[in-house]
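Visitor: Pasting input.tsv below, which is TSV, C-alpha atoms and all ligand atoms.
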```tsv
chain	number	residue	atom	x	y	z
A	9	MET	CA	-11.47	114.22	128.14
A	10	ARG	CA	-14.71	114.04	126.18
A	11	VAL	CA	-17.39	113.61	128.81
A	12	PHE	CA	-21.15	113.59	129.24
A	13	LEU	CA	-23.74	112.85	131.87
A	14	ALA	CA	-26.39	110.27	131.19
A	15	ILE	CA	-28.96	107.97	132.69
A	16	ASP	CA	-27.99	104.41	132.05
A	17	LEU	CA	-30.86	102.11	131.10
A	18	PRO	CA	-31.56	98.80	132.83
A	19	GLU	CA	-30.89	95.70	130.78
A	20	HIS	CA	-34.56	94.84	130.26
A	21	VAL	CA	-35.19	98.31	128.79
A	22	ARG	CA	-32.17	98.03	126.52
A	23	ASP	CA	-33.44	94.63	125.39
A	24	GLU	CA	-36.78	96.24	124.53
A	25	LEU	CA	-35.04	99.03	122.66
A	26	ILE	CA	-33.02	96.56	120.61
A	27	VAL	CA	-36.30	94.98	119.50
A	28	LEU	CA	-37.78	98.42	118.76
A	29	GLN	CA	-34.63	99.34	116.83
A	30	SER	CA	-34.57	96.13	114.81
A	31	SER	CA	-37.54	97.02	112.62
A	32	LEU	CA	-35.79	100.19	111.39
A	33	THR	CA	-33.86	99.05	108.35
A	34	VAL	CA	-32.37	102.43	107.45
A	35	GLY	CA	-29.30	104.03	109.08
A	36	ARG	CA	-26.68	102.96	111.58
A	37	PRO	CA	-28.19	101.43	114.73
A	38	VAL	CA	-26.66	102.55	118.04
A	39	PRO	CA	-25.03	99.50	119.67
A	40	GLU	CA	-26.81	98.19	122.76
A	41	GLU	CA	-24.04	99.28	125.16
A	42	ASN	CA	-24.35	102.88	123.92
A	43	LEU	CA	-28.12	103.22	124.47
A	44	HIS	CA	-28.65	105.85	127.17
A	45	LEU	CA	-30.50	109.04	127.98
A	46	THR	CA	-28.07	111.97	127.80
A	47	LEU	CA	-28.64	114.53	130.54
A	48	CYS	CA	-25.88	116.88	129.55
A	49	PHE	CA	-23.08	116.78	126.95
A	50	LEU	CA	-19.97	118.42	128.41
A	51	ASP	CA	-17.74	117.89	125.37
A	52	GLU	CA	-13.94	118.15	125.73
A	53	GLN	CA	-12.89	119.19	129.24
A	54	PRO	CA	-9.52	119.48	130.96
A	55	GLU	CA	-9.01	116.84	133.66
A	56	GLU	CA	-9.22	119.44	136.48
A	57	ALA	CA	-12.61	120.61	135.18
A	58	VAL	CA	-13.86	117.02	135.23
A	59	GLU	CA	-12.73	116.73	138.85
A	60	GLU	CA	-14.55	119.94	139.74
A	61	ALA	CA	-17.63	118.71	137.94
A	62	HIS	CA	-17.43	115.44	139.88
A	63	ALA	CA	-17.26	117.31	143.20
A	64	ALA	CA	-20.24	119.48	142.20
A	65	LEU	CA	-22.29	116.52	141.02
A	66	GLN	CA	-21.83	114.75	144.33
A	67	GLY	CA	-23.79	117.62	145.85
A	68	VAL	CA	-26.80	117.32	143.53
A	69	ARG	CA	-29.88	116.30	145.50
A	70	ALA	CA	-32.93	114.90	143.74
A	71	ARG	CA	-35.42	112.11	144.23
A	72	ALA	CA	-35.46	108.86	142.30
A	73	PHE	CA	-38.32	108.66	139.78
A	74	THR	CA	-39.93	106.41	137.22
A	75	LEU	CA	-39.53	106.69	133.46
A	76	ARG	CA	-41.00	104.88	130.49
A	77	ILE	CA	-40.24	105.03	126.78
A	78	SER	CA	-43.24	106.39	124.94
A	79	GLY	CA	-43.18	106.55	121.16
A	80	VAL	CA	-40.39	107.41	118.76
A	81	GLY	CA	-39.26	110.58	117.03
A	82	SER	CA	-36.63	112.09	114.79
A	83	PHE	CA	-34.24	115.03	114.79
A	84	GLY	CA	-33.29	117.08	111.77
A	85	SER	CA	-35.67	119.44	110.09
A	86	ARG	CA	-34.60	119.66	106.46
A	87	SER	CA	-32.89	116.28	106.44
A	88	LEU	CA	-33.53	113.64	109.08
A	89	GLN	CA	-30.41	112.80	111.07
A	90	VAL	CA	-31.44	110.66	113.97
A	91	VAL	CA	-34.26	108.36	115.03
A	92	PHE	CA	-34.86	108.18	118.77
A	93	ALA	CA	-37.01	106.57	121.41
A	94	ASP	CA	-39.05	109.23	123.17
A	95	PHE	CA	-40.28	109.74	126.74
A	96	ALA	CA	-43.59	110.88	128.12
A	97	GLN	CA	-43.26	114.24	129.89
A	98	CYS	CA	-41.55	113.82	133.23
A	99	PRO	CA	-41.16	116.88	135.49
A	100	GLU	CA	-38.69	115.04	137.78
A	101	LEU	CA	-36.39	114.39	134.83
A	102	VAL	CA	-36.54	118.02	133.72
A	103	GLU	CA	-35.80	119.11	137.29
A	104	LEU	CA	-32.85	116.71	137.54
A	105	GLU	CA	-31.33	118.13	134.35
A	106	ARG	CA	-31.85	121.66	135.69
A	107	ARG	CA	-30.13	120.85	138.99
A	108	VAL	CA	-27.25	119.10	137.24
A	109	THR	CA	-26.56	121.90	134.74
A	110	ARG	CA	-26.97	124.56	137.45
A	111	SER	CA	-24.49	122.84	139.73
A	112	LEU	CA	-21.95	122.60	136.90
A	113	ARG	CA	-22.33	126.22	135.82
A	114	ALA	CA	-22.02	127.26	139.48
A	115	VAL	CA	-18.46	125.88	139.57
A	116	GLY	CA	-17.62	127.67	136.32
A	117	LEU	CA	-17.79	124.72	133.93
A	118	LYS	CA	-18.23	125.77	130.31
A	119	PHE	CA	-20.18	123.40	128.08
A	120	PRO	CA	-22.50	123.61	125.08
A	121	LYS	CA	-25.88	125.13	125.83
A	122	ARG	CA	-28.66	123.01	124.39
A	123	ARG	CA	-32.36	122.76	125.01
A	124	PHE	CA	-32.97	119.56	126.96
A	125	ARG	CA	-34.98	117.17	124.81
A	126	PRO	CA	-34.97	113.78	126.57
A	127	HIS	CA	-34.48	110.87	124.17
A	128	VAL	CA	-32.50	107.70	123.51
A	129	THR	CA	-30.88	107.73	120.07
A	130	LEU	CA	-31.70	104.48	118.28
A	131	ALA	CA	-30.09	105.09	114.90
A	132	ARG	CA	-28.15	107.68	112.96
A	133	LEU	CA	-29.26	108.24	109.41
A	134	PRO	CA	-27.04	108.82	106.38
A	135	LYS	CA	-26.65	112.42	105.14
A	136	SER	CA	-28.83	111.86	102.13
A	137	LEU	CA	-31.74	109.45	102.07
A	138	SER	CA	-33.34	108.08	98.93
A	139	ALA	CA	-37.10	108.52	98.54
A	140	ILE	CA	-37.56	104.84	99.45
A	141	GLU	CA	-35.42	105.17	102.59
A	142	LEU	CA	-37.26	108.31	103.60
A	143	ASP	CA	-40.57	106.46	103.24
A	144	LYS	CA	-39.24	103.62	105.36
A	145	VAL	CA	-38.22	106.02	108.13
A	146	ARG	CA	-41.60	107.80	107.98
A	147	ASP	CA	-43.45	104.47	108.11
A	148	TYR	CA	-41.33	103.43	111.08
A	149	LEU	CA	-42.14	106.68	112.91
A	150	VAL	CA	-45.86	106.27	112.25
A	151	SER	CA	-46.06	102.58	113.13
A	152	ASN	CA	-44.17	103.02	116.40
A	153	ALA	CA	-45.82	106.25	117.55
A	154	GLY	CA	-47.87	104.29	120.06
A	155	TYR	CA	-44.96	102.22	121.41
A	156	ARG	CA	-44.83	101.95	125.22
A	157	GLY	CA	-41.86	100.45	127.03
A	158	SER	CA	-41.91	99.08	130.54
A	159	ALA	CA	-41.55	101.50	133.40
A	160	PHE	CA	-38.17	101.69	135.10
A	161	GLU	CA	-36.76	103.39	138.15
A	162	VAL	CA	-34.10	106.07	137.74
A	163	ALA	CA	-32.09	105.82	140.93
A	164	GLY	CA	-28.98	107.64	139.70
A	165	PHE	CA	-27.06	109.09	136.81
A	166	SER	CA	-23.50	108.70	135.59
A	167	LEU	CA	-20.53	110.56	134.24
A	168	PHE	CA	-19.27	108.91	131.07
A	169	GLN	CA	-16.09	109.32	129.13
A	170	SER	CA	-16.53	109.03	125.38
A	171	THR	CA	-13.62	107.91	123.25
A	172	LEU	CA	-14.02	108.32	119.52
A	173	MET	CA	-12.87	105.19	117.73
A	174	PRO	CA	-12.87	104.40	114.00
A	175	ARG	CA	-15.88	102.10	114.50
A	176	GLY	CA	-17.84	104.59	116.65
A	177	ALA	CA	-17.71	106.02	120.16
A	178	ARG	CA	-16.82	103.89	123.18
A	179	HIS	CA	-18.51	105.02	126.38
A	180	GLU	CA	-17.10	104.26	129.80
A	181	GLU	CA	-18.79	105.09	133.10
A	182	ILE	CA	-16.30	106.95	135.30
A	183	ALA	CA	-18.56	108.01	138.20
A	184	ARG	CA	-22.08	107.42	139.42
A	185	TYR	CA	-24.37	109.69	141.47
A	186	GLU	CA	-27.22	108.17	143.41
A	187	LEU	CA	-30.60	109.85	143.76
A	188	ALA	CA	-32.54	109.74	147.00
A	189	VAL	CA	-34.89	106.77	147.13
A	190	ILE	CA	-37.71	107.66	149.51
B	201	LIG	P1	-27.24	111.61	121.08
B	201	LIG	O1	-26.92	110.16	121.23
B	201	LIG	O2	-28.63	111.90	121.27
B	201	LIG	O3	-26.63	112.19	119.83
B	201	LIG	C1	-22.20	111.20	123.90
B	201	LIG	O4	-21.71	111.68	122.69
B	201	LIG	C2	-23.64	111.59	124.09
B	201	LIG	O5	-23.77	113.00	124.18
B	201	LIG	C3	-24.51	111.12	122.96
B	201	LIG	O6	-25.49	110.26	123.47
B	201	LIG	C4	-25.12	112.36	122.37
B	201	LIG	O7	-26.48	112.33	122.26
B	201	LIG	C5	-24.83	113.45	123.36
B	201	LIG	N1	-24.54	114.70	122.68
B	201	LIG	C6	-25.21	115.85	122.83
B	201	LIG	N2	-24.66	116.82	122.10
B	201	LIG	C7	-23.63	116.28	121.43
B	201	LIG	C8	-22.68	116.77	120.50
B	201	LIG	N3	-22.68	118.05	120.11
B	201	LIG	N4	-21.77	115.92	120.01
B	201	LIG	C9	-21.78	114.62	120.39
B	201	LIG	N5	-22.63	114.09	121.28
B	201	LIG	C10	-23.54	114.91	121.81
```
Would you mind writing the file out in structure tokens?
Ligand code: 2AM

Guide:
Amino acid sequence: MRVFLAIDLPEHVRDELIVLQSSLTVGRPVPEENLHLTLCFLDEQPEEAVEEAHAALQGVRARAFTLRISGVGSFGSRSLQVVFADFAQCPELVELERRVTRSLRAVGLKFPKRRFRPHVTLARLPKSLSAIELDKVRDYLVSNAGYRGSAFEVAGFSLFQSTLMPRGARHEEIARYELAVI
């Protein structure tokens, strides 16, 4: 099973992101149902490992917190690959990711090690961009640098299964873990 952990976004935030995404005319936009904040990409895992992960994740304790999209950014140094919606620094989010990955490593789960860089991918860019396309992406990044979304409460996170289909990945929530609302 190809699995990952993510924070699902409330509908009003996804609606805002669709508007934010719509002015980027280069690349392949991520469909609304696939907009999320990945906490941890676990990649292909045997079913037993997913069950162990599920048991471990049920033991993760953390408080609910508030998030807000703040600006946009891009990944890819030599060639741009992805345009994303960014977040203002949030220590609670960083702590949640730390607790989640620690709990999974503690039960022996093996998954790709990656620096956590919170974001919501808005669009994937083609391998090579023309000078005009590159300018469009740069203009988009500059004009939306000051974008602020509405604040939303993160009261849980989810385990998703990703199925690769010819038209793109299909994501299905297979478990949800609630955070403590105090
Ligand atoms: P991204 O959208 O920012 O690329 C499911 O594939 C999720 O896991 C995606 O949201 C993706 O984040 C994230 N992910 C992280 N590392 C990945 C990888 N090596 N391959 C595919 N997806 C990855």

Visitor: If we count all atoms listed in the file and set the cut-off at 7 Å, which residues sit around Val34 of chain A, ignoring sequence neighbours fewer than 3 positions away in its own chain? Please answer as a CSV table (one decimal) with C-alpha atoms, in the frame of the given file.

Guide:
```csv
chain,number,residue,atom,x,y,z
A,133,LEU,CA,-29.3,108.2,109.4
A,141,GLU,CA,-35.4,105.2,102.6
A,145,VAL,CA,-38.2,106.0,108.1
```

Visitor: Could you give me the residues within 10 Å of ligand LIG 201 (chain B), counting only C-alpha atoms and all ligand atoms, as a PyMOL selection string?

Guide: chain A and resi 10-14+38+42-52+83+89-93+119-122+124-132+168-172+177-179

Visitor: Write a file of the selected residues as a PDB file, in the coordinates of the input, keeping C-alpha atoms.

Guide:
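Contents of the output file again09.pdb:
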```pdb
ATOM      1  CA  ARG A  10     -14.710 114.040 126.180  1.00  0.00           C
ATOM      2  CA  VAL A  11     -17.390 113.610 128.810  1.00  0.00           C
ATOM      3  CA  PHE A  12     -21.150 113.590 129.240  1.00  0.00           C
ATOM      4  CA  LEU A  13     -23.740 112.850 131.870  1.00  0.00           C
ATOM      5  CA  ALA A  14     -26.390 110.270 131.190  1.00  0.00           C
ATOM      6  CA  VAL A  38     -26.660 102.550 118.040  1.00  0.00           C
ATOM      7  CA  ASN A  42     -24.350 102.880 123.920  1.00  0.00           C
ATOM      8  CA  LEU A  43     -28.120 103.220 124.470  1.00  0.00           C
ATOM      9  CA  HIS A  44     -28.650 105.850 127.170  1.00  0.00           C
ATOM     10  CA  LEU A  45     -30.500 109.040 127.980  1.00  0.00           C
ATOM     11  CA  THR A  46     -28.070 111.970 127.800  1.00  0.00           C
ATOM     12  CA  LEU A  47     -28.640 114.530 130.540  1.00  0.00           C
ATOM     13  CA  CYS A  48     -25.880 116.880 129.550  1.00  0.00           C
ATOM     14  CA  PHE A  49     -23.080 116.780 126.950  1.00  0.00           C
ATOM     15  CA  LEU A  50     -19.970 118.420 128.410  1.00  0.00           C
ATOM     16  CA  ASP A  51     -17.740 117.890 125.370  1.00  0.00           C
ATOM     17  CA  GLU A  52     -13.940 118.150 125.730  1.00  0.00           C
ATOM     18  CA  PHE A  83     -34.240 115.030 114.790  1.00  0.00           C
ATOM     19  CA  GLN A  89     -30.410 112.800 111.070  1.00  0.00           C
ATOM     20  CA  VAL A  90     -31.440 110.660 113.970  1.00  0.00           C
ATOM     21  CA  VAL A  91     -34.260 108.360 115.030  1.00  0.00           C
ATOM     22  CA  PHE A  92     -34.860 108.180 118.770  1.00  0.00           C
ATOM     23  CA  ALA A  93     -37.010 106.570 121.410  1.00  0.00           C
ATOM     24  CA  PHE A 119     -20.180 123.400 128.080  1.00  0.00           C
ATOM     25  CA  PRO A 120     -22.500 123.610 125.080  1.00  0.00           C
ATOM     26  CA  LYS A 121     -25.880 125.130 125.830  1.00  0.00           C
ATOM     27  CA  ARG A 122     -28.660 123.010 124.390  1.00  0.00           C
ATOM     28  CA  PHE A 124     -32.970 119.560 126.960  1.00  0.00           C
ATOM     29  CA  ARG A 125     -34.980 117.170 124.810  1.00  0.00           C
ATOM     30  CA  PRO A 126     -34.970 113.780 126.570  1.00  0.00           C
ATOM     31  CA  HIS A 127     -34.480 110.870 124.170  1.00  0.00           C
ATOM     32  CA  VAL A 128     -32.500 107.700 123.510  1.00  0.00           C
ATOM     33  CA  THR A 129     -30.880 107.730 120.070  1.00  0.00           C
ATOM     34  CA  LEU A 130     -31.700 104.480 118.280  1.00  0.00           C
ATOM     35  CA  ALA A 131     -30.090 105.090 114.900  1.00  0.00           C
ATOM     36  CA  ARG A 132     -28.150 107.680 112.960  1.00  0.00           C
ATOM     37  CA  PHE A 168     -19.270 108.910 131.070  1.00  0.00           C
ATOM     38  CA  GLN A 169     -16.090 109.320 129.130  1.00  0.00           C
ATOM     39  CA  SER A 170     -16.530 109.030 125.380  1.00  0.00           C
ATOM     40  CA  THR A 171     -13.620 107.910 123.250  1.00  0.00           C
ATOM     41  CA  LEU A 172     -14.020 108.320 119.520  1.00  0.00           C
ATOM     42  CA  ALA A 177     -17.710 106.020 120.160  1.00  0.00           C
ATOM     43  CA  ARG A 178     -16.820 103.890 123.180  1.00  0.00           C
ATOM     44  CA  HIS A 179     -18.510 105.020 126.380  1.00  0.00           C
TER      45      HIS A 179
END
```

Visitor: Would you mind telling me which residue in A:Arg146, A:Arg184, A:His62, A:Arg76 lies nearest to Leu117 of chain A when using only C-alpha atoms?

Guide: A:His62

Visitor: Which is closer to Val68 of chain A than all the others in A:Val108, A:Val80, A:Cys98, A:Ala183, using only C-alpha atoms?

Guide: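 Nearest candidate to Val68 of chain A out of A:Val108, A:Val80, A:Cys98, A:Ala183: A:Val108.
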
Visitor: Work out how far atom CA of Pro99 of chain A is from atom CA of Ser151 of chain A, in Å to one decimal.

Guide: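 Computing it gives 27.0 Å between the two atoms.
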
Visitor: With only C-alpha atoms counted, which protein, DNA or RNA residues have an atom no more than 9 Å from (-28.0, 119.5, 138.9) in the file frame? Please answer as a list in words.

Guide: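 Final list of nearby residues, as requested, is Ala64, Leu65, Gly67, Val68, Arg69, Ala70, Glu103, Leu104, Glu105, Arg106, Arg107, Val108, Thr109, Arg110, Ser111 and Leu112 of chain A.
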
Visitor: Could you give me, as JSON, numbers by chain, the residues within 12 Å of Val162 of chain A, counting all atoms listed in the file and dropping anything in the same chain fewer than 5 positions from it?

Guide: {"A": [14, 15, 16, 17, 18, 21, 44, 45, 70, 71, 72, 73, 74, 75, 76, 98, 100, 101, 104, 185, 186, 187, 188, 189]}

Visitor: Any chance you can output those residues with C-alpha atoms as a PDB file, in the frame of the given file?

Guide:
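Result file is part28.pdb:
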```
ATOM      1  CA  ALA A  14     -26.390 110.270 131.190  1.00  0.00           C
ATOM      2  CA  ILE A  15     -28.960 107.970 132.690  1.00  0.00           C
ATOM      3  CA  ASP A  16     -27.990 104.410 132.050  1.00  0.00           C
ATOM      4  CA  LEU A  17     -30.860 102.110 131.100  1.00  0.00           C
ATOM      5  CA  PRO A  18     -31.560  98.800 132.830  1.00  0.00           C
ATOM      6  CA  VAL A  21     -35.190  98.310 128.790  1.00  0.00           C
ATOM      7  CA  HIS A  44     -28.650 105.850 127.170  1.00  0.00           C
ATOM      8  CA  LEU A  45     -30.500 109.040 127.980  1.00  0.00           C
ATOM      9  CA  ALA A  70     -32.930 114.900 143.740  1.00  0.00           C
ATOM     10  CA  ARG A  71     -35.420 112.110 144.230  1.00  0.00           C
ATOM     11  CA  ALA A  72     -35.460 108.860 142.300  1.00  0.00           C
ATOM     12  CA  PHE A  73     -38.320 108.660 139.780  1.00  0.00           C
ATOM     13  CA  THR A  74     -39.930 106.410 137.220  1.00  0.00           C
ATOM     14  CA  LEU A  75     -39.530 106.690 133.460  1.00  0.00           C
ATOM     15  CA  ARG A  76     -41.000 104.880 130.490  1.00  0.00           C
ATOM     16  CA  CYS A  98     -41.550 113.820 133.230  1.00  0.00           C
ATOM     17  CA  GLU A 100     -38.690 115.040 137.780  1.00  0.00           C
ATOM     18  CA  LEU A 101     -36.390 114.390 134.830  1.00  0.00           C
ATOM     19  CA  LEU A 104     -32.850 116.710 137.540  1.00  0.00           C
ATOM     20  CA  TYR A 185     -24.370 109.690 141.470  1.00  0.00           C
ATOM     21  CA  GLU A 186     -27.220 108.170 143.410  1.00  0.00           C
ATOM     22  CA  LEU A 187     -30.600 109.850 143.760  1.00  0.00           C
ATOM     23  CA  ALA A 188     -32.540 109.740 147.000  1.00  0.00           C
ATOM     24  CA  VAL A 189     -34.890 106.770 147.130  1.00  0.00           C
TER      25      VAL A 189
END
```
